[in-house]
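Following: one structure in structure tokens, then a few remarks.
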Amino acid sequence: MKRLLLLLLAGIVIGSCERELDFKYNSYSPKLVVNALLNNQEQLVVSVSASVPFASSGSPQVIENAKVSLFVDGVLQAPLSYNGFNKNYAASLVPQAGKLYRILVEAPGYVSVEAEAKLPAQGSFGASVFKDSVYIDSAGFPLGQITVRILDDGSMENFYRIKLFYYERVLDDFVELPIDSEDPLVNQFARNIDGGVVFSDATFNGNRRDVFFKTPFGFGQDVPKFMVLKEHLSNDYYQYVTSLSRYQNAGSTLFQEPVFVFSNVKNGLGICAGYQVQRDTIR
């Protein structure tokens with residue numbers, strides 16, 4: 001009898017939580033998706049595709065017949081040409097800090113879209129340093145340490161990404177090194193994104209900050225030893241990569257709050273943002 005009463009009460013509670021939704025379905029109109037990540041070391045490239053409905057099992061369609069116009073400080077540049085192998089549109093210039101880049105994309109059957117981006121100033125970093133035998137792992141083997149020094153500009157909010165690589169003698173090339181650190185900045189305030197760590201200067205604004213990373217046993221014996229990729233991100237780029245990380249790590253339950261990926265493309269979707277790249281080769 002007691003069990004039956006509990007079941008009846010549960011039914012009443014669940015029933016009282018029900019709510020009818022007046023959901024009106026409208027046909028989906030695909031939008032242009034434009035992605036352009038500008039940096040100071042590579043030619044400017046733009047990828048153009050079409051969005052698909054959330055419930056669709058299809059992949060975004062690459063738009064090969066778009067007209068992609070580039071304006072630098074308001075001056076129209078040479079048309080961007082489509083590269084069928086890389087499936088993107090390439091310009092014949094490398095972006096520079098201080099200039100405003102505006103991209104206008106037009107394609108048959110779609111609403112035209114546009115976006116703007118600037119490269120931030122070059123980040124202020126000190127030389128990266130490697131020191132062997134700083135830590136001991138659980139098996140008693142010595143681990144090294146890479147120190148990356150940031151000389152933060154306190155007059156503005158800054159955003160950074162750090163990636164590490166080790167030299168592989170057989171390949172005669174640098175290979176990505178997984179992030180391992182006991183640094184609170186890395187473990188508590190940064191996000192692991194695309195093999196690197198992304199963070200703001202909120203905890204050290206205007207001050208020097210040394211960021212510490214562990215290197216595995218046996219690494220750092222060759223010459224060169226490591227390469228450190230140091231990037232100074234624009235605000236838009238930081239918002240994009242951190243929102244993308246939240247989206248990728250979000251759950252898929254009924255009670256999960258929706259996560260929106262940041263976009264700054266007017267009338268469309270995607271990201272147009274800049275970043276400055278510096279490399280340290282530790283020998």
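Residues in the structure tokens are named by chain (A, B, ... in the order shown) and by number from 1 within that chain; ligands are numbered from 1 in the order shown.
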
Please provide as a PyMOL selection string all residues within 9 Å of Phe262 in chain A, with the sequence filter that same-chain residues fewer than 6 positions apart are discarded (counting only C-alpha atoms). chain A and resi 236-237+239-244+269-271

Prev. selection, N, CA and C atoms, output as a PDB file, in the first residue's frame:
ATOM      1  N   ASP A 236      38.535  38.407 -30.068  1.00  0.00           N
ATOM      2  CA  ASP A 236      37.579  37.576 -30.799  1.00  0.00           C
ATOM      3  C   ASP A 236      38.078  36.141 -30.924  1.00  0.00           C
ATOM      4  N   TYR A 237      39.369  35.974 -31.187  1.00  0.00           N
ATOM      5  CA  TYR A 237      39.909  34.624 -31.320  1.00  0.00           C
ATOM      6  C   TYR A 237      39.820  33.884 -29.991  1.00  0.00           C
ATOM      7  N   GLN A 239      37.646  34.420 -27.562  1.00  0.00           N
ATOM      8  CA  GLN A 239      36.250  34.060 -27.321  1.00  0.00           C
ATOM      9  C   GLN A 239      35.832  32.860 -28.160  1.00  0.00           C
ATOM     10  N   TYR A 240      36.330  32.806 -29.391  1.00  0.00           N
ATOM     11  CA  TYR A 240      35.979  31.700 -30.279  1.00  0.00           C
ATOM     12  C   TYR A 240      36.531  30.372 -29.763  1.00  0.00           C
ATOM     13  N   VAL A 241      37.839  30.306 -29.477  1.00  0.00           N
ATOM     14  CA  VAL A 241      38.432  29.020 -29.097  1.00  0.00           C
ATOM     15  C   VAL A 241      37.916  28.541 -27.738  1.00  0.00           C
ATOM     16  N   THR A 242      37.664  29.456 -26.809  1.00  0.00           N
ATOM     17  CA  THR A 242      37.165  29.029 -25.498  1.00  0.00           C
ATOM     18  C   THR A 242      35.705  28.584 -25.589  1.00  0.00           C
ATOM     19  N   SER A 243      34.898  29.258 -26.405  1.00  0.00           N
ATOM     20  CA  SER A 243      33.506  28.824 -26.575  1.00  0.00           C
ATOM     21  C   SER A 243      33.454  27.498 -27.325  1.00  0.00           C
ATOM     22  N   LEU A 244      34.354  27.299 -28.284  1.00  0.00           N
ATOM     23  CA  LEU A 244      34.415  26.030 -29.006  1.00  0.00           C
ATOM     24  C   LEU A 244      34.805  24.895 -28.063  1.00  0.00           C
ATOM     25  N   LEU A 269      27.756  32.718 -40.251  1.00  0.00           N
ATOM     26  CA  LEU A 269      28.375  32.032 -39.132  1.00  0.00           C
ATOM     27  C   LEU A 269      29.879  31.921 -39.375  1.00  0.00           C
ATOM     28  N   GLY A 270      30.614  31.639 -38.303  1.00  0.00           N
ATOM     29  CA  GLY A 270      32.058  31.454 -38.444  1.00  0.00           C
ATOM     30  C   GLY A 270      32.844  32.470 -37.651  1.00  0.00           C
ATOM     31  N   ILE A 271      34.122  32.529 -37.938  1.00  0.00           N
ATOM     32  CA  ILE A 271      35.020  33.397 -37.188  1.00  0.00           C
ATOM     33  C   ILE A 271      36.035  34.040 -38.126  1.00  0.00           C
TER      34      ILE A 271
END

DSSP on the backbone: what in range 57-173 of chain A comes out strand (DSSP E or B), as a ChimeraX atom specification? /A:61-62,67-72,75-76,81-83,88-90,100-106,113-118,125,129-136,142-151,159-168,173

Residues within 10 Å of Tyr82 in chain A, only C-alpha atoms, excluding chain neighbours under 4 positions, as a ChimeraX atom specification: /A:45-47,63-68,86-91

Identify, with DSSP run on backbone atoms, the residues in range 30-269 of chain A assigned to alpha helix (DSSP H), and express the list as a list of chain:residue names. A:Pro184, A:Asn235, A:Asp236, A:Tyr237, A:Tyr238, A:Gln239, A:Tyr240, A:Val241, A:Thr242, A:Ser243, A:Leu244, A:Ser245, A:Arg246, A:Tyr247, A:Gln248, A:Asn249

Go ahead and write the selection's residues with C-alpha atoms as a tab-separated table (two decimals), in the first residue's frame.
chain	number	residue	atom	x	y	z
A	184	PRO	CA	48.27	26.65	-11.26
A	235	ASN	CA	39.84	39.07	-28.10
A	236	ASP	CA	37.58	37.58	-30.80
A	237	TYR	CA	39.91	34.62	-31.32
A	238	TYR	CA	40.04	33.97	-27.58
A	239	GLN	CA	36.25	34.06	-27.32
A	240	TYR	CA	35.98	31.70	-30.28
A	241	VAL	CA	38.43	29.02	-29.10
A	242	THR	CA	37.17	29.03	-25.50
A	243	SER	CA	33.51	28.82	-26.57
A	244	LEU	CA	34.42	26.03	-29.01
A	245	SER	CA	36.11	24.17	-26.15
A	246	ARG	CA	33.00	24.54	-23.96
A	247	TYR	CA	30.83	23.28	-26.81
A	248	GLN	CA	33.03	20.23	-27.45
A	249	ASN	CA	33.11	19.35	-23.75

Top pick for closest residue to Pro95 in chain A, considering A:Ile136, A:Ala50, A:Val175, A:Ala273 and counting only C-alpha atoms: A:Ala273

Surrounding residues of Val113 in chain A excluding itself and chain neighbours under 2 positions, 9 Å, only C-alpha atoms, as an mmCIF file with C-alpha atoms, in the first residue's frame:
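Wrote result23.cif, looks like this:
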data_model
loop_
_atom_site.group_PDB
_atom_site.id
_atom_site.type_symbol
_atom_site.label_atom_id
_atom_site.label_comp_id
_atom_site.auth_asym_id
_atom_site.auth_seq_id
_atom_site.Cartn_x
_atom_site.Cartn_y
_atom_site.Cartn_z
ATOM 1 C CA LYS A 31 23.809 30.377 -44.125
ATOM 2 C CA LEU A 32 27.305 31.005 -45.342
ATOM 3 C CA VAL A 33 29.988 29.895 -42.894
ATOM 4 C CA VAL A 34 33.239 31.851 -43.168
ATOM 5 C CA ILE A 103 36.225 40.096 -45.863
ATOM 6 C CA LEU A 104 33.066 40.153 -47.996
ATOM 7 C CA VAL A 105 31.702 36.825 -49.260
ATOM 8 C CA GLU A 106 29.011 36.505 -51.915
ATOM 9 C CA TYR A 110 22.923 32.854 -50.128
ATOM 10 C CA VAL A 111 22.761 36.110 -48.215
ATOM 11 C CA ALA A 115 33.536 40.120 -41.148
ATOM 12 C CA VAL A 265 30.437 36.999 -39.140
ATOM 13 C CA LYS A 266 27.626 39.417 -39.997
ATOM 14 C CA ASN A 267 24.558 37.665 -41.522
ATOM 15 C CA GLY A 268 26.353 34.322 -41.357
ATOM 16 C CA LEU A 269 28.375 32.032 -39.132
#

Compile the contact shell of Leu233 in chain A as number ranges by chain: residues with an atom at most 8 Å away, counting only C-alpha atoms, same-chain residues fewer than 4 positions apart removed. A: 119-120, 158-161, 237-238, 274-276

Writing out the chosen residues with N, CA and C atoms as a CSV table (one decimal), in the first residue's frame:
chain,number,residue,atom,x,y,z
A,119,LEU,N,45.1,42.0,-36.4
A,119,LEU,CA,46.1,41.2,-35.7
A,119,LEU,C,46.4,42.0,-34.4
A,120,PRO,N,46.5,41.4,-33.3
A,120,PRO,CA,47.0,42.1,-32.1
A,120,PRO,C,48.4,42.5,-32.3
A,158,ASN,N,45.1,40.9,-22.3
A,158,ASN,CA,45.8,40.1,-23.3
A,158,ASN,C,45.4,38.6,-23.2
A,159,PHE,N,45.6,37.9,-24.3
A,159,PHE,CA,45.2,36.5,-24.4
A,159,PHE,C,46.3,35.7,-25.1
A,160,TYR,N,46.6,34.5,-24.6
A,160,TYR,CA,47.8,33.8,-25.0
A,160,TYR,C,47.4,32.3,-25.3
A,161,ARG,N,48.2,31.7,-26.2
A,161,ARG,CA,48.2,30.3,-26.4
A,161,ARG,C,49.7,29.8,-26.5
A,237,TYR,N,39.4,36.0,-31.2
A,237,TYR,CA,39.9,34.6,-31.3
A,237,TYR,C,39.8,33.9,-30.0
A,238,TYR,N,40.1,34.6,-28.9
A,238,TYR,CA,40.0,34.0,-27.6
A,238,TYR,C,38.6,33.5,-27.3
A,274,GLY,N,42.4,37.4,-35.6
A,274,GLY,CA,43.8,37.4,-35.8
A,274,GLY,C,44.6,37.0,-34.6
A,275,TYR,N,45.9,36.6,-34.8
A,275,TYR,CA,46.8,36.3,-33.8
A,275,TYR,C,48.3,36.5,-34.3
A,276,GLN,N,49.1,36.8,-33.3
A,276,GLN,CA,50.6,36.9,-33.6
A,276,GLN,C,51.3,35.7,-33.2

Residue contacts of Phe204 in chain A (12 Å, only C-alpha atoms) excluding same-chain residues fewer than 5 positions away, as a count of residues only: 15

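Distance check against Glu114 in chain A using only C-alpha atoms: of A:Ala36, A:Val134, A:Leu177, A:Leu164, the minimum falls on A:Ala36.
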
I'd like to know which of A:Pro53, A:Gly195, A:Gly123, A:Gly140 is closest to Lys230 in chain A, using only C-alpha atoms. A:Gly123

Name the residues in contact with Asp183 in chain A at a cut-off of 9 Å, using only C-alpha atoms, excluding same-chain residues fewer than 3 positions from it; report them as a ChimeraX atom specification. /A:186-188,211-213

Residues from last step as file, all heavy atoms, as a short mmCIF file (atom, residue, chain, number, x, y, z; two decimals), in the first residue's frame:
data_model
loop_
_atom_site.label_atom_id
_atom_site.label_comp_id
_atom_site.auth_asym_id
_atom_site.auth_seq_id
_atom_site.Cartn_x
_atom_site.Cartn_y
_atom_site.Cartn_z
N VAL A 186 48.19 26.92 -15.58
CA VAL A 186 47.87 25.92 -16.59
C VAL A 186 46.73 25.02 -16.13
O VAL A 186 45.81 24.72 -16.90
CB VAL A 186 49.12 25.07 -16.93
CG1 VAL A 186 48.77 23.95 -17.90
CG2 VAL A 186 50.22 25.95 -17.49
N ASN A 187 46.76 24.60 -14.88
CA ASN A 187 45.80 23.61 -14.39
C ASN A 187 44.46 24.20 -13.95
O ASN A 187 43.45 23.49 -13.99
CB ASN A 187 46.41 22.83 -13.22
CG ASN A 187 47.57 21.96 -13.66
OD1 ASN A 187 47.58 21.47 -14.78
ND2 ASN A 187 48.55 21.77 -12.79
N GLN A 188 44.45 25.45 -13.54
CA GLN A 188 43.22 26.02 -12.99
C GLN A 188 42.60 27.11 -13.85
O GLN A 188 41.37 27.28 -13.85
CB GLN A 188 43.50 26.60 -11.59
CG GLN A 188 43.98 25.57 -10.58
CD GLN A 188 44.30 26.21 -9.24
OE1 GLN A 188 43.75 27.23 -8.85
NE2 GLN A 188 45.22 25.60 -8.50
N VAL A 211 55.71 30.60 -16.94
CA VAL A 211 54.81 29.45 -17.01
C VAL A 211 55.67 28.20 -17.16
O VAL A 211 56.55 28.13 -18.02
CB VAL A 211 53.84 29.57 -18.20
CG1 VAL A 211 52.76 28.50 -18.11
CG2 VAL A 211 53.20 30.96 -18.24
N PHE A 212 55.41 27.18 -16.31
CA PHE A 212 56.28 26.01 -16.22
C PHE A 212 55.59 24.77 -16.80
O PHE A 212 54.43 24.50 -16.50
CB PHE A 212 56.68 25.75 -14.77
CG PHE A 212 57.35 26.94 -14.11
CD1 PHE A 212 56.65 27.74 -13.21
CD2 PHE A 212 58.67 27.25 -14.41
CE1 PHE A 212 57.27 28.82 -12.61
CE2 PHE A 212 59.29 28.34 -13.81
CZ PHE A 212 58.59 29.13 -12.91
N PHE A 213 56.36 24.02 -17.57
CA PHE A 213 55.87 22.78 -18.16
C PHE A 213 56.88 21.66 -17.92
O PHE A 213 58.09 21.88 -17.96
CB PHE A 213 55.66 22.94 -19.67
CG PHE A 213 54.69 24.02 -20.05
CD1 PHE A 213 55.12 25.31 -20.30
CD2 PHE A 213 53.33 23.74 -20.15
CE1 PHE A 213 54.23 26.30 -20.65
CE2 PHE A 213 52.42 24.73 -20.50
CZ PHE A 213 52.88 26.02 -20.75
#

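Using only C-alpha atoms, the smallest distance between any of A:Arg149, A:Lys131, A:Arg102, A:Lys163 and Val197 in chain A comes from A:Lys163.
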
If I take CA of Phe219 in chain A and CA of Arg169 in chain A, how far is one from the other in Å, to one decimal? 11.2 Å
